[in-house]
Amino acid sequence: MSNRNTVALSNAALDCPKTFGLPHATAVRAGNLIYVSGLIAIDPVTGERAHGTTVSETTTILSNMAKILEDAGSSLGQVVKITVWLHSMLEQEDMAGAYKPFFPEAPPARTVCGARINYGMKVQIDCIAVSGA
Amino acid sequence: MRLTRTVHAPSNPMLNVSARQARPHSPCVRAGDYVFVSGMVPVSPETGERTQGPIADQVETVLANMQHLLESNGWSLDQIVRLNITLADLLHADDMWRVFRKFFPDNPPAATLIGMQLSFGNLVEIECTAYVGEG
């Protein structure tokens, strides 16, 4: 068995690449690490994009990321590196306020960067996590 | 345990942008079972010069050169676990994915796409991480 596996998602609505016909995986496990693709805010019930504020999009993304990591046998507490792209760095404080409750202790290394995000989303977040809950 | 860290280059010296342009970085670095590839922009394997052109050509060149870099060291594209794709213009996303699909037809890696200003008028830059461990 290969040590590089696509993570099977329990909620198909979170499989954004499949929903939108993109040729990449949502998350891939390699050895003891799990690589999660850049996530945008997706409604976990409908699978549709959930455009909103920087706060609402950050909350939606990290809630979905928690589920994806659980499907990979990991958790937000196991994230080692996270990258956040914002459509405007002026909204960094908004993102940070919504972000903080998800990482109450020993938060991971983080990069925040201003960039253009596809489909007019305000936030995109990817991460690398280690296995284990 | 001390993790070994080794620097690796493509066998075609024209594609070693780090060395040719005297940049203080390496084409890729292996740390334990993982390989970290620097951001790659379209460069001609014949001349070593930047290749401007349509986005599909630029993506094709970058991914072909990435394949060469990995295969030069006994690795392969299907060991890539995650790519970070930067486009100068997000309107090129569909064309980028069309070419991407040819290189990763089965069990594709995780990927992140962003739009950002790139140097030298390049339309695309791609970096990746590969897992080259046992199994």
# chains A, B, ... in the order shown; residues from 1 in each chain; ligands from 1

$ interface_residues --of "chain A" --to "chain B" --cutoff "12 Å" --atoms "only C-alpha atoms" --output "PDB file with N, CA and C atoms, in the first residue's frame"
ATOM      1  N   MET A   1       0.844  -1.206   0.000  1.00  0.00           N
ATOM      2  CA  MET A   1       0.000   0.000   0.000  1.00  0.00           C
ATOM      3  C   MET A   1       0.869   1.241   0.000  1.00  0.00           C
ATOM      4  N   SER A   2       0.502   2.139  -0.888  1.00  0.00           N
ATOM      5  CA  SER A   2       1.288   3.378  -0.966  1.00  0.00           C
ATOM      6  C   SER A   2       1.071   4.240   0.263  1.00  0.00           C
ATOM      7  N   ASN A   3       2.093   4.991   0.618  1.00  0.00           N
ATOM      8  CA  ASN A   3       1.973   5.913   1.731  1.00  0.00           C
ATOM      9  C   ASN A   3       1.462   7.275   1.292  1.00  0.00           C
ATOM     10  N   ARG A   4       1.081   7.374   0.027  1.00  0.00           N
ATOM     11  CA  ARG A   4       0.502   8.627  -0.472  1.00  0.00           C
ATOM     12  C   ARG A   4      -0.923   8.325  -0.902  1.00  0.00           C
ATOM     13  N   ASN A   5      -1.884   8.783  -0.111  1.00  0.00           N
ATOM     14  CA  ASN A   5      -3.277   8.437  -0.368  1.00  0.00           C
ATOM     15  C   ASN A   5      -4.146   9.680  -0.395  1.00  0.00           C
ATOM     16  N   THR A   6      -5.125   9.668  -1.294  1.00  0.00           N
ATOM     17  CA  THR A   6      -6.149  10.711  -1.268  1.00  0.00           C
ATOM     18  C   THR A   6      -7.029  10.472  -0.044  1.00  0.00           C
ATOM     19  N   VAL A   7      -7.312  11.528   0.692  1.00  0.00           N
ATOM     20  CA  VAL A   7      -8.160  11.406   1.875  1.00  0.00           C
ATOM     21  C   VAL A   7      -9.621  11.281   1.431  1.00  0.00           C
ATOM     22  N   ALA A   8     -10.289  10.214   1.889  1.00  0.00           N
ATOM     23  CA  ALA A   8     -11.712  10.024   1.564  1.00  0.00           C
ATOM     24  C   ALA A   8     -12.547  10.881   2.514  1.00  0.00           C
ATOM     25  N   ASP A  15     -16.110  18.193  -0.824  1.00  0.00           N
ATOM     26  CA  ASP A  15     -15.150  17.833  -1.880  1.00  0.00           C
ATOM     27  C   ASP A  15     -15.267  18.844  -3.018  1.00  0.00           C
ATOM     28  N   CYS A  16     -14.773  20.046  -2.733  1.00  0.00           N
ATOM     29  CA  CYS A  16     -14.889  21.179  -3.644  1.00  0.00           C
ATOM     30  C   CYS A  16     -14.332  20.885  -5.038  1.00  0.00           C
ATOM     31  N   PRO A  17     -13.154  20.261  -5.177  1.00  0.00           N
ATOM     32  CA  PRO A  17     -12.636  19.984  -6.525  1.00  0.00           C
ATOM     33  C   PRO A  17     -13.604  19.125  -7.333  1.00  0.00           C
ATOM     34  N   LYS A  18     -14.242  18.155  -6.664  1.00  0.00           N
ATOM     35  CA  LYS A  18     -15.183  17.289  -7.365  1.00  0.00           C
ATOM     36  C   LYS A  18     -16.426  18.087  -7.772  1.00  0.00           C
ATOM     37  N   PHE A  20     -16.718  21.183  -8.423  1.00  0.00           N
ATOM     38  CA  PHE A  20     -16.471  22.170  -9.477  1.00  0.00           C
ATOM     39  C   PHE A  20     -15.613  21.627 -10.618  1.00  0.00           C
ATOM     40  N   GLY A  21     -15.381  20.310 -10.628  1.00  0.00           N
ATOM     41  CA  GLY A  21     -14.682  19.688 -11.751  1.00  0.00           C
ATOM     42  C   GLY A  21     -13.219  20.079 -11.865  1.00  0.00           C
ATOM     43  N   LEU A  22     -12.559  20.300 -10.726  1.00  0.00           N
ATOM     44  CA  LEU A  22     -11.144  20.664 -10.759  1.00  0.00           C
ATOM     45  C   LEU A  22     -10.273  19.422 -10.557  1.00  0.00           C
ATOM     46  N   PRO A  23      -9.156  19.347 -11.300  1.00  0.00           N
ATOM     47  CA  PRO A  23      -8.366  18.114 -11.302  1.00  0.00           C
ATOM     48  C   PRO A  23      -7.370  18.027 -10.149  1.00  0.00           C
ATOM     49  N   HIS A  24      -7.793  18.350  -8.946  1.00  0.00           N
ATOM     50  CA  HIS A  24      -6.901  18.140  -7.802  1.00  0.00           C
ATOM     51  C   HIS A  24      -7.691  17.565  -6.640  1.00  0.00           C
ATOM     52  N   ALA A  25      -6.981  17.097  -5.619  1.00  0.00           N
ATOM     53  CA  ALA A  25      -7.622  16.476  -4.464  1.00  0.00           C
ATOM     54  C   ALA A  25      -7.916  17.529  -3.407  1.00  0.00           C
ATOM     55  N   THR A  26      -8.844  17.237  -2.501  1.00  0.00           N
ATOM     56  CA  THR A  26      -9.079  18.127  -1.364  1.00  0.00           C
ATOM     57  C   THR A  26      -7.975  17.955  -0.324  1.00  0.00           C
ATOM     58  N   ALA A  27      -7.571  16.723  -0.091  1.00  0.00           N
ATOM     59  CA  ALA A  27      -6.506  16.464   0.883  1.00  0.00           C
ATOM     60  C   ALA A  27      -5.793  15.170   0.535  1.00  0.00           C
ATOM     61  N   VAL A  28      -4.487  15.157   0.790  1.00  0.00           N
ATOM     62  CA  VAL A  28      -3.664  13.988   0.489  1.00  0.00           C
ATOM     63  C   VAL A  28      -2.810  13.670   1.706  1.00  0.00           C
ATOM     64  N   ARG A  29      -2.777  12.391   2.046  1.00  0.00           N
ATOM     65  CA  ARG A  29      -1.885  11.964   3.127  1.00  0.00           C
ATOM     66  C   ARG A  29      -0.576  11.452   2.512  1.00  0.00           C
ATOM     67  N   ALA A  30       0.560  11.828   3.103  1.00  0.00           N
ATOM     68  CA  ALA A  30       1.866  11.333   2.655  1.00  0.00           C
ATOM     69  C   ALA A  30       2.683  11.046   3.902  1.00  0.00           C
ATOM     70  N   GLY A  31       2.912   9.749   4.159  1.00  0.00           N
ATOM     71  CA  GLY A  31       3.616   9.402   5.387  1.00  0.00           C
ATOM     72  C   GLY A  31       2.800   9.850   6.589  1.00  0.00           C
ATOM     73  N   ASN A  32       3.426  10.594   7.464  1.00  0.00           N
ATOM     74  CA  ASN A  32       2.720  11.044   8.674  1.00  0.00           C
ATOM     75  C   ASN A  32       2.124  12.436   8.535  1.00  0.00           C
ATOM     76  N   LEU A  33       2.186  12.982   7.320  1.00  0.00           N
ATOM     77  CA  LEU A  33       1.660  14.333   7.135  1.00  0.00           C
ATOM     78  C   LEU A  33       0.410  14.322   6.262  1.00  0.00           C
ATOM     79  N   ILE A  34      -0.484  15.266   6.525  1.00  0.00           N
ATOM     80  CA  ILE A  34      -1.681  15.449   5.709  1.00  0.00           C
ATOM     81  C   ILE A  34      -1.623  16.851   5.101  1.00  0.00           C
ATOM     82  N   TYR A  35      -1.702  16.907   3.765  1.00  0.00           N
ATOM     83  CA  TYR A  35      -1.678  18.180   3.048  1.00  0.00           C
ATOM     84  C   TYR A  35      -3.096  18.503   2.606  1.00  0.00           C
ATOM     85  N   VAL A  36      -3.613  19.626   3.070  1.00  0.00           N
ATOM     86  CA  VAL A  36      -4.961  20.046   2.692  1.00  0.00           C
ATOM     87  C   VAL A  36      -4.848  21.185   1.678  1.00  0.00           C
ATOM     88  N   SER A  37      -5.585  21.041   0.569  1.00  0.00           N
ATOM     89  CA  SER A  37      -5.606  22.078  -0.468  1.00  0.00           C
ATOM     90  C   SER A  37      -6.142  23.394   0.073  1.00  0.00           C
ATOM     91  N   GLY A  38      -5.880  24.456  -0.648  1.00  0.00           N
ATOM     92  CA  GLY A  38      -6.459  25.744  -0.290  1.00  0.00           C
ATOM     93  C   GLY A  38      -7.981  25.640  -0.276  1.00  0.00           C
ATOM     94  N   LEU A  39      -8.573  25.887   0.889  1.00  0.00           N
ATOM     95  CA  LEU A  39     -10.030  25.789   1.019  1.00  0.00           C
ATOM     96  C   LEU A  39     -10.642  27.178   0.919  1.00  0.00           C
ATOM     97  N   ILE A  40     -11.735  27.269   0.191  1.00  0.00           N
ATOM     98  CA  ILE A  40     -12.556  28.476   0.228  1.00  0.00           C
ATOM     99  C   ILE A  40     -13.827  28.137   1.004  1.00  0.00           C
ATOM    100  N   THR A  83      -1.530  28.437   5.993  1.00  0.00           N
ATOM    101  CA  THR A  83      -1.354  29.647   5.197  1.00  0.00           C
ATOM    102  C   THR A  83      -2.733  30.231   4.904  1.00  0.00           C
ATOM    103  N   VAL A  84      -2.862  31.518   5.172  1.00  0.00           N
ATOM    104  CA  VAL A  84      -4.125  32.220   4.968  1.00  0.00           C
ATOM    105  C   VAL A  84      -3.912  33.276   3.884  1.00  0.00           C
ATOM    106  N   TRP A  85      -4.741  33.229   2.855  1.00  0.00           N
ATOM    107  CA  TRP A  85      -4.729  34.291   1.850  1.00  0.00           C
ATOM    108  C   TRP A  85      -5.984  35.134   2.047  1.00  0.00           C
ATOM    109  N   LEU A  86      -5.778  36.436   2.064  1.00  0.00           N
ATOM    110  CA  LEU A  86      -6.897  37.367   2.233  1.00  0.00           C
ATOM    111  C   LEU A  86      -6.999  38.257   1.001  1.00  0.00           C
ATOM    112  N   HIS A  87      -8.231  38.588   0.612  1.00  0.00           N
ATOM    113  CA  HIS A  87      -8.394  39.473  -0.549  1.00  0.00           C
ATOM    114  C   HIS A  87      -7.922  40.878  -0.190  1.00  0.00           C
ATOM    115  N   CYS A 113      -1.172  36.292   3.904  1.00  0.00           N
ATOM    116  CA  CYS A 113      -0.706  36.923   2.683  1.00  0.00           C
ATOM    117  C   CYS A 113      -1.897  37.539   1.948  1.00  0.00           C
ATOM    118  N   GLY A 114      -1.715  38.686   1.375  1.00  0.00           N
ATOM    119  CA  GLY A 114      -2.762  39.294   0.562  1.00  0.00           C
ATOM    120  C   GLY A 114      -2.638  38.808  -0.867  1.00  0.00           C
ATOM    121  N   ALA A 115      -3.736  38.380  -1.477  1.00  0.00           N
ATOM    122  CA  ALA A 115      -3.692  37.868  -2.845  1.00  0.00           C
ATOM    123  C   ALA A 115      -5.077  37.943  -3.461  1.00  0.00           C
ATOM    124  N   ARG A 116      -5.118  37.732  -4.757  1.00  0.00           N
ATOM    125  CA  ARG A 116      -6.429  37.593  -5.380  1.00  0.00           C
ATOM    126  C   ARG A 116      -6.864  36.140  -5.270  1.00  0.00           C
ATOM    127  N   ILE A 117      -8.127  35.942  -4.934  1.00  0.00           N
ATOM    128  CA  ILE A 117      -8.656  34.605  -4.727  1.00  0.00           C
ATOM    129  C   ILE A 117      -9.757  34.372  -5.751  1.00  0.00           C
ATOM    130  N   ASN A 118      -9.782  33.149  -6.285  1.00  0.00           N
ATOM    131  CA  ASN A 118     -10.702  32.862  -7.375  1.00  0.00           C
ATOM    132  C   ASN A 118     -12.157  32.952  -6.927  1.00  0.00           C
ATOM    133  N   TYR A 119     -13.038  33.168  -7.869  1.00  0.00           N
ATOM    134  CA  TYR A 119     -14.494  33.220  -7.654  1.00  0.00           C
ATOM    135  C   TYR A 119     -14.907  34.360  -6.737  1.00  0.00           C
ATOM    136  N   GLY A 120     -14.050  35.348  -6.543  1.00  0.00           N
ATOM    137  CA  GLY A 120     -14.428  36.476  -5.715  1.00  0.00           C
ATOM    138  C   GLY A 120     -14.546  36.160  -4.236  1.00  0.00           C
ATOM    139  N   MET A 121     -13.891  35.070  -3.795  1.00  0.00           N
ATOM    140  CA  MET A 121     -13.913  34.760  -2.363  1.00  0.00           C
ATOM    141  C   MET A 121     -12.976  35.725  -1.632  1.00  0.00           C
ATOM    142  N   LYS A 122     -13.216  35.887  -0.329  1.00  0.00           N
ATOM    143  CA  LYS A 122     -12.402  36.811   0.451  1.00  0.00           C
ATOM    144  C   LYS A 122     -11.260  36.122   1.182  1.00  0.00           C
ATOM    145  N   VAL A 123     -11.405  34.809   1.417  1.00  0.00           N
ATOM    146  CA  VAL A 123     -10.425  34.078   2.229  1.00  0.00           C
ATOM    147  C   VAL A 123     -10.146  32.724   1.584  1.00  0.00           C
ATOM    148  N   GLN A 124      -8.887  32.299   1.647  1.00  0.00           N
ATOM    149  CA  GLN A 124      -8.522  30.934   1.271  1.00  0.00           C
ATOM    150  C   GLN A 124      -7.483  30.465   2.284  1.00  0.00           C
ATOM    151  N   ILE A 125      -7.627  29.212   2.749  1.00  0.00           N
ATOM    152  CA  ILE A 125      -6.704  28.705   3.774  1.00  0.00           C
ATOM    153  C   ILE A 125      -6.290  27.282   3.416  1.00  0.00           C
ATOM    154  N   ASP A 126      -4.988  26.995   3.447  1.00  0.00           N
ATOM    155  CA  ASP A 126      -4.543  25.600   3.343  1.00  0.00           C
ATOM    156  C   ASP A 126      -3.695  25.253   4.558  1.00  0.00           C
ATOM    157  N   CYS A 127      -3.397  23.967   4.732  1.00  0.00           N
ATOM    158  CA  CYS A 127      -2.626  23.576   5.918  1.00  0.00           C
ATOM    159  C   CYS A 127      -1.890  22.269   5.711  1.00  0.00           C
ATOM    160  N   ILE A 128      -0.933  22.043   6.596  1.00  0.00           N
ATOM    161  CA  ILE A 128      -0.233  20.768   6.716  1.00  0.00           C
ATOM    162  C   ILE A 128      -0.395  20.319   8.163  1.00  0.00           C
TER     163      ILE A 128
END

$ residues_around --residues "Pro13 in chain B" --least-positions-apart "4" --cutoff "9 Å" --atoms "only C-alpha atoms" --output "CSV table (one decimal) with N, CA, C and O atoms, in the first residue's frame"
chain,number,residue,atom,x,y,z
B,9,ALA,N,19.3,19.0,-7.9
B,9,ALA,CA,19.2,19.8,-9.1
B,9,ALA,C,18.7,19.0,-10.3
B,9,ALA,O,18.8,17.8,-10.2
B,17,VAL,N,17.7,27.1,-12.7
B,17,VAL,CA,17.6,28.6,-12.6
B,17,VAL,C,18.4,29.1,-11.4
B,17,VAL,O,19.0,30.2,-11.5
B,19,ALA,N,21.2,28.2,-10.1
B,19,ALA,CA,22.6,28.3,-10.4
B,19,ALA,C,22.8,29.3,-11.6
B,19,ALA,O,23.7,30.2,-11.5
B,20,ARG,N,22.0,29.2,-12.6
B,20,ARG,CA,22.3,30.0,-13.8
B,20,ARG,C,22.1,31.5,-13.5
B,20,ARG,O,22.8,32.4,-14.1
B,45,PRO,N,14.0,24.5,-21.9
B,45,PRO,CA,15.1,23.5,-21.6
B,45,PRO,C,16.2,23.5,-22.6
B,45,PRO,O,17.3,23.0,-22.3
B,48,GLY,N,17.5,27.9,-21.6
B,48,GLY,CA,17.6,28.4,-20.2
B,48,GLY,C,16.9,29.7,-20.0
B,48,GLY,O,16.9,30.3,-18.9

$ atom_distance --atom1 "CA of Thr60 in chain A" --atom2 "CA of Pro44 in chain A"
8.5 Å
